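J.: Please find one structure pasted underneath; my questions will follow.
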Amino acid sequence: MAFSRYLIILALVTGCILPSGVQALWPIPTTLETGMTTLKISPTFYFDVQIEGAPSDLHDAVTQSQYYLENDKLGRLVVGRGANDTTALANARTLSKLTLSLASGAAVEPISSEAIKPLGTRSEEYALIIPADGSAATLIANSTLGLYRGLTTFNQLFYYYRGVTYTLLAPISIKDTPAYPFRGLGLDTSRNYYPVSDILRTLDCDELGEAIQINTFHWHITDSQSFPLEVAQYPELAINGAYSPQEVYTASDVQYIVEYAAARGIDVMMEIDTPGHTAIIAATYPEYPVADFANEPPAGQLRFALPEVMNFTASLLTSVAKVLPSHYFSTGGDELNTNCYANDYLTEQQLNRTGMTLNGALDAFTQTTHGALIAQGKTPVVWEEMVLDWNITLSNETIVMIWISSADAAAVAGRGFRIIQAPSNYFYLDCGAGEWLGDDPTGNSWCDPFKTWSEAYTFDPLANLTEAQYELVLGGEQILWSEQSGPQNVDSIVWPRAASSAEIFWSGKQPTGAALNVTEALPRLHDVRYRMVQRGINAIPLQPQWCALRPDACDIYA
Amino acid sequence: MAFFRYLIILPLIAGCLLPSGVQALWPIPTTLETGLTTLKISSAFYFDVQVEGAPSDLRDAVAQSQYYLENDKLGRLVVGRGANDTAAFATAMTLSKLTLFLANGAAVEPISSEAVKPLGTRSEEYALVIPADGSAATLTANSTLGLYRGLTTFNQLFYYYGGVTYTLLAPISIKDTPAYPFRGLGLDTSRHYYPVSDIQRTLDAMSWVKASINTFHWHITDSQSFPLEVAQYPELAIKGAYSPQEVYTASDVQYIVQYAAARGIDVMMEIDTPGHTAIMAAAYPEYVACFEASPWAFFSGEPPAGQLRFALPEVANFTASLLTNIAKTLPSHYFSTGGDEINKNCYTNDHPTQQQLKRTGMTLNGALDTFTQITHGALIAQGKTPVVWEEMALDWNVTLSNETIVMVWISSADAAALVEKGFRIIQAPSDYFYLDTGAGEWLGDNPTGSSGPFRTWSEAYTFDPLANLTEAQYELVFGGEQILWSEQSGPQNVDPIVWPRAASSAEIFWSGKQPTGAALNVAEALPRLHDVRYRMVQRGINAIPLQPQWCAFRPDACDMNA
């Protein structure tokens with residue numbers, strides 16, 4: 001036992017004597033070949049876009065890459081931060097340009113158009129070649145979206161020491177394609193409001209900023225506590241339901257965020273959670289929700305059995321969804337509390353009149369609301385209870401999100417639904433901050449403990465599934481619920497942790513074919529974190545800096 | 001059972017029908033009387049300093065108070081943020097000035113001098129009276145430090161709506177004096193470096209919780225880095241800091257100490273010895289045993305391994321000289337030599353240590369005793385009172401002067417054993433007051449590891465500083481502190497991980513109890529702590545929300561049994 005442990009340690013120690021070829025990249029590419037030659041970025045380096053009619057958002061992306069290349073100024077995470085590289089830099093070759101081209105016959109569309117195509121039809125793969133002799137590097141893809149992914153990878157390859165931007169690992173050859181089509185990050189903007197600038201900063205991290213290849217922003221925009229979304233047809237919802245007139249996402253804010261995201265390869269999947277998580281709608285339509293019981297204060301859920309509530313909800317969702325380019329829209333459906341309706345006269349009266357059960361009424365409600373979304377060309381997305389607890393009739397296209405437990409994926413897949421993995425026991429970013437309800441000083445957070453990056457990283461998206469079911473897994477996301485979060489800690493609570501799922505769902509495995517491994521990943525995640533800090537994101541340190549500069553020295557058995 | 005629970009809820013609900021008089025203040029004053037009259041701050045409002053020869057740091061504090069009064073612009077934490085108060089504005093009286101006095105015969109000294117006096121000799125009490133009729137408010141104290149405490153209380157009383165700064169609670173009468181002399185906040189700047197500006201911002205926030213946090217416990221060095229420039233031993237920082245940019249120069253330290261003192265805060269520095277010193281090996285390899293030994297877990301609490309060879313006379317003399325060199329430049333009467341988590345395995349096969357023990361016939365424990373005598377003797381010679389962690393008294397039974405202050409950290413249960421030995425204690429128990437726990441394992445290759453539960457503000461708030469002590473021992477409790485160890489923290493999260501949580505201990509040790517005499521109570525405290533948090537955010541501190549904003553505007557609506 002002890003002997004084998006030492007063997008493992010030896011292998012690790014040996015590993016860190018070599019320049020760590022993969023230390024730079026996150027998520028790790030599908031295939032990766034690196035050499036041991038030092039290559040400097042020329043002071044006249046430029047991106048040569050060999051694409052006729054290149055869209056303006058590709059040009060913007062190139063400008064941004066140039067900016068990061070010049071301004072990241074990230075020292076290598078080794079003792080001395082690159083001081084030992086100076087001799088190699090003295091006679092190193094220089095790289096003068098990266099040529100971007102599309103594969104022959106590829107259509108030239110804006111990144112923002114490619115980013116919102118249906119899942120499974122987007123082309124995100126790319127090939128990046130950086131020769132060691134200083135001749136032009138090349139980036140080739142089948143779409144501008146693929147080029148964008150490759151640009152962000154290119155930026156991760158370079159370090160800085162005393163005026164020189166360089167890699168030690170030329171030649172470099174990368175072919176890269178995502179393992180799963182959906183790689184998300186969820187944010188709740190109802191429990192506490194986030195100004196637009198905070199959302200934009202978060203989207204920067206997703207893509208342009210850190211190249212961690214997250215492609216979906218799951219925007220849980222409303223909930224029982226506040227309704228910060230301005231809806232053209234129902235302006236009173238935000239007027240009466242937002243925390244303040246300043247804490248509203250106007251229609252133009254939403255469009256701005258959606259466009260900003262799309263130009264960064266990110267689709268915005270909005271969620272209007274119904275029929276639960278809607279108490280604050282009562283501020284405008286007091287007759288629609290019933291206020292009695294809930295999982296957290298305030299209580300209040302839509303009276304989904306009433307035809308006028310169904311029609312209102314369908315109309316509301318239509319009004320919100322029709323202005324969004326995404327093909328996906330979530331109607332939520334989690335944590336419906338049946339106690340809420342037990343003594344609700346209006347609901348009971350309607351059920352008596354129609355002879356429906358509560359479950360039947362929910363089925364009818366969902367048919368109505370989903371029907372309205374499908375009529376808008378949207379694919380409905382729901383939380384797992386809709387299938388597992390309520391057995392609602394859902395279209396086959398419906399995507400179901402796992403949250404209660406990772407153990408629930410198999411049952412949902414067993415019903416033939418496509419799933420997004422957001423299990424609270426791995427991927428909830430809010431857990432572990434203790435009880436937030438008042439007057440309960442010894443309480444824990446309901447999903448205690450805190451989910452570390454490494455715990456999240458060990459999530460297996462295919463656990464307990466049959467091989468035939470694998471294709472039902474579209475991907476997954478980490479998500480921040482905001483009972484105890486706001487603009488003040490969004491950076492530090494999300495980053496770099498949310499990079500864990502990005503690698504699980506982009507890479508799936510190591511380039512060698514081996515399974516992802518926390519020990520291999522940690523030095524690269526330090527790299528992600530330090531580069532984020534250079535770019536102004538308040539990503540937290542994962543270990544003392546002493547450890548970050550000495551890969552594996554702070555492993556538990558080192 | 002259920003009935004009894006409702007009985008508890010009823011008085012809480014009744015309490016929140018009244019304009020919540022105490023919602024504004026943290027920590028809650030010793031005595032507090034409020035009325036129901038609206039009083040506006042006049043647009044010509046000024047602070048009238050009736051103190052002859054008022055020191056410049058008092059003038060600065062007044063200017064700062066004026067600035068906050070004009071710029072906090074904090075809306076009341078109610079639905080509408082004060083929109084319902086406007087009717088009362090029309091007929092409200094205005095307050096034109098606050099007059100500051102020192103009591104007859106009180107010496108006029110700078111705040112920064114008062115703030116660094118020995119514990120127990122500082123005068124922090126004050127009296128603040130704000131009449132309802134618009135006549136001058138008065139703030140009286142026995143020292144400039146007391147006036148400073150009163151100014152921060154004054155600032156907490158006012159809200160803002162539509163261009164008007166006001167209180168709904170005039171007349172207001174407060175007499176306030178701290179329950180315990182030591183109220184601290186600890187920060188480790190070795191595992192990660194914090195730029196001077198981050199420390200300044202933290203000191204600012206400490207001074208805002210009614211200036212009740214009066215000690216910055218600066219754990220400046222540890223095994224991972226030595227970011228302190230020491231005049232006589234420059235190599236320690238040159239070789240031991242993470243980088244030349246991540247160093248506290250001698251002038252940085254002086255700047256921080258003065259910045260703190262002007263805000264009523266004493267800086268108690270800690271150079272942890274003989275453990276937590278591995279990185280000294282970068283400059284003095286011969287002084288450190290088991291440096292970077294592997295597996296580290298056998299030799300050390302965390303990587304890297306390495307501890308001072310305390311048995312060697314040259315190491316004891318070096319350490320005494322080092323501590324003297326640092327301590328003599330600091331105005332505080334207190335200096336911590338640490339002494340926690342010494343790992344004996346580090347010395348078992350350390351040839352220089354074993355050779356020395358053999359030559360002298362000393363045990364390891366005896367050698368540690370000698371080492372401590374030498375290092376503490378050097379500090380005492382500089383007029384400093386040594387401070388140590390609890391193991392020095394409980395595990396090693398080291399000979400310590402009676403003046404020594406011992407810090408409790410391993411468990412709140414250890415306080416009783418220390419006072420039993422007659423030591424004065426500072427309460428920093430990890431089971432209530434550690435701000436770093438709950439973030440999960442930070443060591444690599446251990447994805448299912450834990451770091452124990454997160455200590456919420458409310459759990460910390462339930463700490464009883466006198467638990468398990470006899471009444472005769474109460475006076476040995478100097479106070480306490482919450483502390484942030486920085487394995488997983490840095491400038492990026494210092495605000496959200498510290499604030500508003502660190503206000504919990506500030507109230508425990510300043511107020512001790514409610515003005516009614518009742519024990520502190522989390523349900524009563526929460527609305528006031530929301531207030532602290534929202535005011536901090538207005539002042540640019542990234543203090544985290546404690547609950548959804550919906551709850552912050554509706555006191556008690558989100559209580560567990562509401």
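In the structure tokens, chains take letters A, B, ... by order of appearance, with residues numbered from 1 within each chain and ligands from 1 in the order shown.
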Return as a count of residues only the residues belonging to chain A that are within 7 Å of chain B, counting only C-alpha atoms.
T.: 42
J.: Name all residues at most 12 Å from Leu237 (chain A) (count only C-alpha atoms; drop same-chain ones fewer than 2 positions away) and give them as an MDAnalysis selection string.
T.: chainID A and resid 222:224 226:235 239:245 248:250 278:286 316
J.: Do you have the CA of Tyr161 (chain B)-CA of Pro298 (chain A) distance handy?
T.: 26.3 Å
J.: Do you know which residues are at most 8 Å from region 468-482 of chain A counting only C-alpha atoms, after dropping those on the same chain fewer than 5 positions away, and could you put them as a PDB file with N, CA and C atoms, in the first residue's frame?
T.:
ATOM      1  N   TYR A 180     -19.696  17.257 -25.800  1.00  0.00           N
ATOM      2  CA  TYR A 180     -21.147  17.434 -25.630  1.00  0.00           C
ATOM      3  C   TYR A 180     -21.555  18.792 -26.196  1.00  0.00           C
ATOM      4  N   PRO A 181     -22.752  18.891 -26.764  1.00  0.00           N
ATOM      5  CA  PRO A 181     -23.129  20.172 -27.376  1.00  0.00           C
ATOM      6  C   PRO A 181     -23.522  21.269 -26.385  1.00  0.00           C
ATOM      7  N   PHE A 182     -24.008  20.904 -25.196  1.00  0.00           N
ATOM      8  CA  PHE A 182     -24.498  21.914 -24.244  1.00  0.00           C
ATOM      9  C   PHE A 182     -23.523  22.036 -23.081  1.00  0.00           C
ATOM     10  N   ARG A 183     -22.959  23.227 -22.903  1.00  0.00           N
ATOM     11  CA  ARG A 183     -22.048  23.487 -21.778  1.00  0.00           C
ATOM     12  C   ARG A 183     -22.441  24.834 -21.201  1.00  0.00           C
ATOM     13  N   GLY A 184     -23.098  24.782 -20.054  1.00  0.00           N
ATOM     14  CA  GLY A 184     -23.761  25.989 -19.575  1.00  0.00           C
ATOM     15  C   GLY A 184     -23.233  26.550 -18.270  1.00  0.00           C
ATOM     16  N   LEU A 185     -23.732  27.732 -17.975  1.00  0.00           N
ATOM     17  CA  LEU A 185     -23.570  28.316 -16.647  1.00  0.00           C
ATOM     18  C   LEU A 185     -24.906  28.957 -16.318  1.00  0.00           C
ATOM     19  N   GLY A 186     -25.433  28.635 -15.129  1.00  0.00           N
ATOM     20  CA  GLY A 186     -26.729  29.178 -14.727  1.00  0.00           C
ATOM     21  C   GLY A 186     -26.567  30.289 -13.706  1.00  0.00           C
ATOM     22  N   LEU A 187     -27.428  31.300 -13.795  1.00  0.00           N
ATOM     23  CA  LEU A 187     -27.407  32.393 -12.822  1.00  0.00           C
ATOM     24  C   LEU A 187     -28.839  32.817 -12.513  1.00  0.00           C
ATOM     25  N   ASP A 188     -29.117  32.925 -11.229  1.00  0.00           N
ATOM     26  CA  ASP A 188     -30.417  33.361 -10.714  1.00  0.00           C
ATOM     27  C   ASP A 188     -30.323  34.858 -10.447  1.00  0.00           C
ATOM     28  N   THR A 189     -31.109  35.640 -11.155  1.00  0.00           N
ATOM     29  CA  THR A 189     -31.057  37.096 -10.975  1.00  0.00           C
ATOM     30  C   THR A 189     -32.307  37.626 -10.281  1.00  0.00           C
ATOM     31  N   SER A 190     -33.015  36.742  -9.579  1.00  0.00           N
ATOM     32  CA  SER A 190     -34.231  37.163  -8.886  1.00  0.00           C
ATOM     33  C   SER A 190     -34.020  37.347  -7.391  1.00  0.00           C
ATOM     34  N   ARG A 191     -33.370  36.373  -6.739  1.00  0.00           N
ATOM     35  CA  ARG A 191     -33.183  36.483  -5.272  1.00  0.00           C
ATOM     36  C   ARG A 191     -32.376  37.724  -4.944  1.00  0.00           C
ATOM     37  N   ASN A 192     -31.354  37.970  -5.728  1.00  0.00           N
ATOM     38  CA  ASN A 192     -30.676  39.252  -5.677  1.00  0.00           C
ATOM     39  C   ASN A 192     -30.375  39.650  -7.117  1.00  0.00           C
ATOM     40  N   ALA A 413     -33.577   9.634 -18.395  1.00  0.00           N
ATOM     41  CA  ALA A 413     -33.126   9.066 -19.673  1.00  0.00           C
ATOM     42  C   ALA A 413     -33.938   7.819 -20.005  1.00  0.00           C
ATOM     43  N   GLY A 414     -34.296   7.076 -18.980  1.00  0.00           N
ATOM     44  CA  GLY A 414     -35.104   5.883 -19.170  1.00  0.00           C
ATOM     45  C   GLY A 414     -36.455   6.194 -19.811  1.00  0.00           C
ATOM     46  N   GLY A 416     -36.689   8.378 -22.062  1.00  0.00           N
ATOM     47  CA  GLY A 416     -36.398   8.789 -23.435  1.00  0.00           C
ATOM     48  C   GLY A 416     -36.139  10.272 -23.625  1.00  0.00           C
ATOM     49  N   PHE A 417     -36.068  11.029 -22.526  1.00  0.00           N
ATOM     50  CA  PHE A 417     -35.843  12.470 -22.670  1.00  0.00           C
ATOM     51  C   PHE A 417     -34.356  12.801 -22.786  1.00  0.00           C
ATOM     52  N   ARG A 418     -34.082  13.864 -23.516  1.00  0.00           N
ATOM     53  CA  ARG A 418     -32.730  14.411 -23.538  1.00  0.00           C
ATOM     54  C   ARG A 418     -32.513  15.192 -22.245  1.00  0.00           C
ATOM     55  N   ILE A 419     -31.324  15.119 -21.715  1.00  0.00           N
ATOM     56  CA  ILE A 419     -31.110  15.739 -20.403  1.00  0.00           C
ATOM     57  C   ILE A 419     -29.923  16.702 -20.389  1.00  0.00           C
ATOM     58  N   ILE A 420     -30.040  17.654 -19.474  1.00  0.00           N
ATOM     59  CA  ILE A 420     -28.929  18.538 -19.128  1.00  0.00           C
ATOM     60  C   ILE A 420     -28.604  18.255 -17.663  1.00  0.00           C
ATOM     61  N   GLN A 421     -27.338  17.991 -17.411  1.00  0.00           N
ATOM     62  CA  GLN A 421     -26.905  17.606 -16.071  1.00  0.00           C
ATOM     63  C   GLN A 421     -26.576  18.849 -15.245  1.00  0.00           C
ATOM     64  N   ALA A 422     -27.405  19.120 -14.238  1.00  0.00           N
ATOM     65  CA  ALA A 422     -27.108  20.218 -13.305  1.00  0.00           C
ATOM     66  C   ALA A 422     -27.337  19.715 -11.880  1.00  0.00           C
ATOM     67  N   PHE A 427     -22.935  20.236  -8.860  1.00  0.00           N
ATOM     68  CA  PHE A 427     -22.816  21.442  -9.685  1.00  0.00           C
ATOM     69  C   PHE A 427     -23.448  22.704  -9.115  1.00  0.00           C
ATOM     70  N   TYR A 428     -24.053  22.648  -7.926  1.00  0.00           N
ATOM     71  CA  TYR A 428     -24.645  23.870  -7.390  1.00  0.00           C
ATOM     72  C   TYR A 428     -23.550  24.701  -6.724  1.00  0.00           C
ATOM     73  N   LEU A 429     -23.450  25.932  -7.171  1.00  0.00           N
ATOM     74  CA  LEU A 429     -22.362  26.798  -6.700  1.00  0.00           C
ATOM     75  C   LEU A 429     -22.696  27.497  -5.393  1.00  0.00           C
ATOM     76  N   ASP A 430     -23.959  27.435  -4.971  1.00  0.00           N
ATOM     77  CA  ASP A 430     -24.368  28.171  -3.774  1.00  0.00           C
ATOM     78  C   ASP A 430     -24.266  27.348  -2.494  1.00  0.00           C
ATOM     79  N   PRO A 461     -20.877  12.268 -16.447  1.00  0.00           N
ATOM     80  CA  PRO A 461     -22.165  12.571 -17.083  1.00  0.00           C
ATOM     81  C   PRO A 461     -22.913  11.331 -17.554  1.00  0.00           C
ATOM     82  N   LEU A 462     -22.220  10.217 -17.666  1.00  0.00           N
ATOM     83  CA  LEU A 462     -22.847   9.017 -18.220  1.00  0.00           C
ATOM     84  C   LEU A 462     -23.086   7.940 -17.164  1.00  0.00           C
ATOM     85  N   VAL A 494     -18.148  31.976  -8.333  1.00  0.00           N
ATOM     86  CA  VAL A 494     -18.283  31.235  -9.592  1.00  0.00           C
ATOM     87  C   VAL A 494     -16.926  30.778 -10.139  1.00  0.00           C
ATOM     88  N   ALA A 498     -16.527  27.190 -11.975  1.00  0.00           N
ATOM     89  CA  ALA A 498     -17.430  26.836 -13.064  1.00  0.00           C
ATOM     90  C   ALA A 498     -16.679  26.324 -14.291  1.00  0.00           C
ATOM     91  N   SER A 501     -17.145  22.070 -14.999  1.00  0.00           N
ATOM     92  CA  SER A 501     -18.104  21.442 -15.901  1.00  0.00           C
ATOM     93  C   SER A 501     -17.762  21.752 -17.358  1.00  0.00           C
ATOM     94  N   ALA A 502     -17.144  22.908 -17.585  1.00  0.00           N
ATOM     95  CA  ALA A 502     -16.754  23.248 -18.960  1.00  0.00           C
ATOM     96  C   ALA A 502     -15.824  22.173 -19.529  1.00  0.00           C
ATOM     97  N   PHE A 505     -17.630  18.698 -20.083  1.00  0.00           N
ATOM     98  CA  PHE A 505     -18.536  18.598 -21.230  1.00  0.00           C
ATOM     99  C   PHE A 505     -17.894  19.014 -22.564  1.00  0.00           C
TER     100      PHE A 505
ATOM    101  N   PRO B 548     -32.076  36.777   0.314  1.00  0.00           N
ATOM    102  CA  PRO B 548     -32.655  37.499  -0.816  1.00  0.00           C
ATOM    103  C   PRO B 548     -33.078  38.899  -0.366  1.00  0.00           C
TER     104      PRO B 548
END
J.: Write out as a ChimeraX atom specification all residues of region 68-316 of chain B that DSSP puts in strand (DSSP E) for this structure's backbone.
T.: /B:93-102,126-130,137-141,159-161,164-176,182-188,215-219,266-270,288-289,307-308
